[in-house]
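K.L.:
Sharing a structure here in structure tokens format.
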Amino acid sequence: MNQPAAPSTSFRGRVARFDVLVGAPADGSTRGRLGRLELPHGVVETPQFMPVGTNAAVKALDPEDVAAAGASIILANTYHLYLRPGHERIARLGGLHRFMAWDGPILTDSGGFQVVSLGDLRVVDDDGVTFRSHLDGSVHRFTPEHAIAVQEALGADVAVAFDQPVPPSSSRDVVADATARTHRWAERSLAAHRRVDQALFGIVQGGLDPDLRAESAAFVAAMPFDGICLGGLAGDETTAEREATIDLAVGVLAADPRPRYLMGLGSPADLLEAVHRGIDLFDSVLPARVARNGTLWVPGGKLNMRNSRFLDDPEPVQADCPCPLCRRFSRAYLAHLFRAGELLAYRLATCHNLTFTLDFMARIRTALRAGTFHASLPELRSRAGRLSGREAVEKSA
RNA sequence: GGGUAGGUUGAGCAGGUGGUGAGCUCAGCUGGCUGUAGACCAGCCGCCUUCGGCUGUGGGGGUUCGAUUCCCUCCCUGCCCA
């Protein structure tokens, strides 16, 4: 039965518009909410998952595959496209949408994650980051202004402020330092952003420290971004730490009408628990990467298609799945393709995992729309599957 | 028949001219991947009752305290010559 919903909220930016169609119920049973994000290239129903297309391509897929899997918005990467083929070239070729033949909304990550995660030869200072290309070792420099300029050249629907994530396990001093820098860079990103047909999201950092995270959420929320990203959380934190941090940040943003985007998380269980805690948008390489590496997500768990037991299995990976893999091929065939190193394996597996993930989000939205999300949690959790190996270890430890 | 090069864990190779063999690449088995330097990475991969034990460098014999290594012999494979 429908629970009484809090009043709907709306955000009107210059280019982005976000309406909460079904707000979190007043009884506090969940913070999950149903929304509609309007961007220049289309509408995104939230909660929503964005497949990652780092190099202007979702690995192994044609854009038609991505759309068929149910994606309405994808992510592309500023750092990678800046290095190759170059943002100016993409601009000359008509912008990112035309370049990669994806007509729907695109969000570009600012490159902060790469610049920091690429390790070794990089130096962060208060003005920006000097780093070496992972492709040819050449030296480059990103500042908030440059990261914005690159994103404006790419021309995605949504650009993201340049930030400095740090591993969640970092010391408080390191987190505090990076968070303060992220705040200054957020101001500079915002000031540098000119493009009137492109939204801009700000990023909350603060690690796992409650004070720093809350302070960061409040700081970023006070700025006129079109959306709020929660960064620095797809790292080495435990599930409990992650969820506590999301709870805290969303609590600070509770009355904020803008979309909330949790960066980097993408397992079905992560998606569900984060929606439950009030998150609207997600991105992650996980479903596509594990697919390429042979792991297929199915209701209640996963199948490792490299296991010998599938070599004689005539069943589809998931009988009721509409994806190109499950419609026509057996587990035995996919297992064979992986062993043979056939490229088709990567496409079919990726199609499936993205279909599964995006269908899972659709189920979540359906429950939210019906006002039955909280009641559906057990069923959705069951579908999301058992704990990952690491979480299982945490549990038994 | 003569000559020659070889026979090492499923395959292909290393190594080793007296002092406890077994490394590499495939293949095989399993696990991990979360704002993608990832179609990747890690572990296992002779046998067993696995904190240990056993076997093991084509077979057999010999020399030796000790042989994969030296000697004899046989078998098998490739190549060359008859």
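A note on labels: chains of the structure tokens are A, B, ... as shown, every chain counts residues from 1, and ligands are counted from 1 in their shown order.
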With 6 Å as the cut-off and only C-alpha atoms (C1' of nucleotides) counted, what is the closest atom pair between each nearby residue of chain A and chain B? Distances in Å to one decimal, ordered by chain and number, as a Markdown table.

P.N.:
```
| residue | atom | partner | partner_atom | distance |
| --- | --- | --- | --- | --- |
| A:His134 | CA | B:A37 | C1' | 5.6 |
| A:Ala234 | CA | B:U34 | C1' | 5.6 |
| A:Met263 | CA | B:G35 | C1' | 4.7 |
| A:Gly264 | CA | B:G35 | C1' | 4.5 |
| A:Leu265 | CA | B:U34 | C1' | 4.7 |
| A:Gly266 | CA | B:U34 | C1' | 5.5 |
| A:Ser284 | CA | B:U34 | C1' | 5.8 |
| A:Leu286 | CA | B:U34 | C1' | 5.1 |
| A:Arg292 | CA | B:A39 | C1' | 5.7 |
```

K.L.:
List every residue of range 210-355 of chain A that DSSP, applied to the backbone of this structure, assigns to strand (DSSP E), and report them as a list of chain:residue names.

P.N.:
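Of range 210-355 of chain A, only A:Gly227, A:Ile228, A:Cys229, A:Leu230, A:Arg260, A:Tyr261, A:Leu262, A:Met263, A:Leu281, A:Phe282, A:Asp283, A:Ser284, A:Thr295, A:Leu296, A:Trp297, A:Val298, A:Gly301, A:Lys302, A:Leu303, A:Asn304 fall in strand (DSSP E).
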
K.L.:
Write the selection just made, keeping N, CA and C atoms, as a PDB file, in the first residue's frame?

P.N.:
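Below you can see selection_20.pdb, which holds the result:
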```pdb
ATOM      1  N   GLY A 227      23.889  19.541  -9.370  1.00  0.00           N
ATOM      2  CA  GLY A 227      23.762  18.240  -8.739  1.00  0.00           C
ATOM      3  C   GLY A 227      24.914  18.047  -7.763  1.00  0.00           C
ATOM      4  N   ILE A 228      24.758  17.100  -6.856  1.00  0.00           N
ATOM      5  CA  ILE A 228      25.753  16.877  -5.812  1.00  0.00           C
ATOM      6  C   ILE A 228      26.293  15.453  -5.930  1.00  0.00           C
ATOM      7  N   CYS A 229      27.607  15.353  -6.130  1.00  0.00           N
ATOM      8  CA  CYS A 229      28.245  14.043  -6.202  1.00  0.00           C
ATOM      9  C   CYS A 229      28.836  13.694  -4.842  1.00  0.00           C
ATOM     10  N   LEU A 230      28.723  12.428  -4.470  1.00  0.00           N
ATOM     11  CA  LEU A 230      29.435  11.939  -3.298  1.00  0.00           C
ATOM     12  C   LEU A 230      30.626  11.148  -3.822  1.00  0.00           C
ATOM     13  N   ARG A 260      21.365  13.578  -6.347  1.00  0.00           N
ATOM     14  CA  ARG A 260      22.532  13.120  -5.583  1.00  0.00           C
ATOM     15  C   ARG A 260      23.158  11.945  -6.330  1.00  0.00           C
ATOM     16  N   TYR A 261      24.417  12.059  -6.588  1.00  0.00           N
ATOM     17  CA  TYR A 261      25.121  11.089  -7.434  1.00  0.00           C
ATOM     18  C   TYR A 261      26.254  10.466  -6.630  1.00  0.00           C
ATOM     19  N   LEU A 262      26.138   9.168  -6.406  1.00  0.00           N
ATOM     20  CA  LEU A 262      27.174   8.433  -5.683  1.00  0.00           C
ATOM     21  C   LEU A 262      28.170   7.886  -6.702  1.00  0.00           C
ATOM     22  N   MET A 263      29.375   8.379  -6.670  1.00  0.00           N
ATOM     23  CA  MET A 263      30.347   8.064  -7.715  1.00  0.00           C
ATOM     24  C   MET A 263      31.028   6.721  -7.502  1.00  0.00           C
ATOM     25  N   LEU A 281      21.697   8.818  -8.508  1.00  0.00           N
ATOM     26  CA  LEU A 281      22.500   8.484  -9.688  1.00  0.00           C
ATOM     27  C   LEU A 281      23.739   7.688  -9.301  1.00  0.00           C
ATOM     28  N   PHE A 282      24.122   6.813 -10.220  1.00  0.00           N
ATOM     29  CA  PHE A 282      25.301   5.975  -9.985  1.00  0.00           C
ATOM     30  C   PHE A 282      26.091   5.794 -11.277  1.00  0.00           C
ATOM     31  N   ASP A 283      27.345   5.463 -11.101  1.00  0.00           N
ATOM     32  CA  ASP A 283      28.124   4.975 -12.233  1.00  0.00           C
ATOM     33  C   ASP A 283      29.116   3.980 -11.676  1.00  0.00           C
ATOM     34  N   SER A 284      29.517   3.044 -12.491  1.00  0.00           N
ATOM     35  CA  SER A 284      30.548   2.109 -12.066  1.00  0.00           C
ATOM     36  C   SER A 284      31.001   1.289 -13.268  1.00  0.00           C
ATOM     37  N   THR A 295      32.275 -12.999 -15.265  1.00  0.00           N
ATOM     38  CA  THR A 295      31.251 -13.124 -14.236  1.00  0.00           C
ATOM     39  C   THR A 295      29.945 -12.501 -14.698  1.00  0.00           C
ATOM     40  N   LEU A 296      28.894 -13.309 -14.693  1.00  0.00           N
ATOM     41  CA  LEU A 296      27.581 -12.857 -15.147  1.00  0.00           C
ATOM     42  C   LEU A 296      26.661 -12.734 -13.938  1.00  0.00           C
ATOM     43  N   TRP A 297      25.998 -11.600 -13.864  1.00  0.00           N
ATOM     44  CA  TRP A 297      25.068 -11.378 -12.745  1.00  0.00           C
ATOM     45  C   TRP A 297      23.706 -11.945 -13.091  1.00  0.00           C
ATOM     46  N   VAL A 298      23.152 -12.665 -12.146  1.00  0.00           N
ATOM     47  CA  VAL A 298      21.814 -13.219 -12.303  1.00  0.00           C
ATOM     48  C   VAL A 298      21.066 -12.983 -10.989  1.00  0.00           C
ATOM     49  N   GLY A 301      22.551 -13.905  -7.404  1.00  0.00           N
ATOM     50  CA  GLY A 301      23.974 -14.235  -7.337  1.00  0.00           C
ATOM     51  C   GLY A 301      24.703 -13.984  -8.637  1.00  0.00           C
ATOM     52  N   LYS A 302      25.701 -14.801  -8.887  1.00  0.00           N
ATOM     53  CA  LYS A 302      26.508 -14.611 -10.078  1.00  0.00           C
ATOM     54  C   LYS A 302      27.000 -15.951 -10.598  1.00  0.00           C
ATOM     55  N   LEU A 303      27.326 -15.969 -11.871  1.00  0.00           N
ATOM     56  CA  LEU A 303      27.865 -17.170 -12.497  1.00  0.00           C
ATOM     57  C   LEU A 303      29.230 -16.831 -13.069  1.00  0.00           C
ATOM     58  N   ASN A 304      30.220 -17.631 -12.721  1.00  0.00           N
ATOM     59  CA  ASN A 304      31.538 -17.451 -13.313  1.00  0.00           C
ATOM     60  C   ASN A 304      31.620 -18.373 -14.533  1.00  0.00           C
TER      61      ASN A 304
END
```

K.L.:
Could you name the residues that touch Ser216 in chain A at 12 Å or less, counting only C-alpha atoms (C1' of nucleotides), but leaving out those on the same chain fewer than 3 positions away, as a ChimeraX atom specification?

P.N.:
/A:163,175-184,186,202-213,219-223,228-232,245,248-250,252-253

K.L.:
Can you spit out the residues from that selection as a short mmCIF file (atom, residue, chain, number, x, y, z; two decimals), in the first residue's frame, using C-alpha atoms?

P.N.:
```cif
data_model
loop_
_atom_site.label_atom_id
_atom_site.label_comp_id
_atom_site.auth_asym_id
_atom_site.auth_seq_id
_atom_site.Cartn_x
_atom_site.Cartn_y
_atom_site.Cartn_z
CA ASP A 163 38.31 17.22 -7.17
CA VAL A 175 41.55 13.60 4.03
CA ALA A 176 41.19 17.05 5.54
CA ASP A 177 43.81 18.44 3.21
CA ALA A 178 42.28 16.87 0.10
CA THR A 179 38.79 17.91 1.12
CA ALA A 180 39.76 21.53 1.68
CA ARG A 181 41.49 21.52 -1.69
CA THR A 182 38.44 19.95 -3.32
CA HIS A 183 36.35 22.79 -1.91
CA ARG A 184 38.60 25.48 -3.33
CA ALA A 186 34.85 23.42 -6.55
CA GLY A 202 29.94 19.54 -7.50
CA ILE A 203 31.68 16.80 -5.53
CA VAL A 204 31.54 16.13 -1.81
CA GLN A 205 34.63 14.52 -0.30
CA GLY A 206 35.50 14.15 3.39
CA GLY A 207 36.47 10.50 3.48
CA LEU A 208 34.90 8.45 6.23
CA ASP A 209 35.35 11.12 8.88
CA PRO A 210 31.85 12.22 9.97
CA ASP A 211 32.85 15.81 10.65
CA LEU A 212 34.78 16.24 7.42
CA ARG A 213 32.11 14.52 5.34
CA PHE A 219 30.05 23.33 1.74
CA VAL A 220 29.26 21.91 -1.68
CA ALA A 221 25.51 22.15 -1.13
CA ALA A 222 25.90 25.85 -0.48
CA MET A 223 27.14 26.35 -4.04
CA ILE A 228 25.75 16.88 -5.81
CA CYS A 229 28.25 14.04 -6.20
CA LEU A 230 29.44 11.94 -3.30
CA GLY A 231 33.02 11.05 -4.08
CA GLY A 232 35.78 8.99 -2.56
CA THR A 245 28.94 7.89 5.26
CA LEU A 248 25.51 11.19 6.94
CA ALA A 249 25.97 13.07 3.67
CA VAL A 250 22.39 12.59 2.52
CA VAL A 252 23.04 16.99 5.38
CA LEU A 253 21.50 17.25 1.91
#
```

K.L.:
Range 170-326 of chain A: which residues are helix (DSSP H, G or I) by DSSP, as a VMD selection string?

P.N.:
chain A and resid 172 to 192 210 to 221 239 to 252 268 to 276 286 to 292 308 to 310 324 to 326

K.L.:
Report as a CSV table (one decimal) with N, CA and C atoms (P, O5', C5', C4', C3', O3' and C1' of nucleotides), in the first residue's frame all protein, DNA and RNA residues lying within 9 Å of G46 in chain B, evaluated on only C-alpha atoms (C1' of nucleotides), omitting residues in the same chain fewer than 2 positions from it.

P.N.:
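To be explicit, this is the file written out as part-v9.csv:
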```csv
chain,number,residue,atom,x,y,z
B,9,U,P,57.7,-34.4,-18.3
B,9,U,O5',56.8,-34.1,-17.1
B,9,U,C5',55.9,-35.0,-16.5
B,9,U,C4',55.0,-34.4,-15.5
B,9,U,C3',54.0,-33.4,-16.1
B,9,U,O3',52.7,-34.0,-16.3
B,9,U,C1',55.2,-32.4,-14.3
B,55,U,P,60.1,-42.5,-2.0
B,55,U,O5',59.6,-42.2,-3.5
B,55,U,C5',58.9,-43.2,-4.3
B,55,U,C4',58.3,-42.5,-5.5
B,55,U,C3',59.2,-42.0,-6.5
B,55,U,O3',59.7,-43.0,-7.4
B,55,U,C1',57.5,-40.5,-6.2
B,56,G,P,61.2,-42.9,-8.0
B,56,G,O5',61.1,-41.7,-8.9
B,56,G,C5',60.3,-41.8,-10.2
B,56,G,C4',60.1,-40.5,-10.8
B,56,G,C3',61.5,-39.8,-11.2
B,56,G,O3',61.9,-40.2,-12.4
B,56,G,C1',60.0,-38.3,-10.0
```
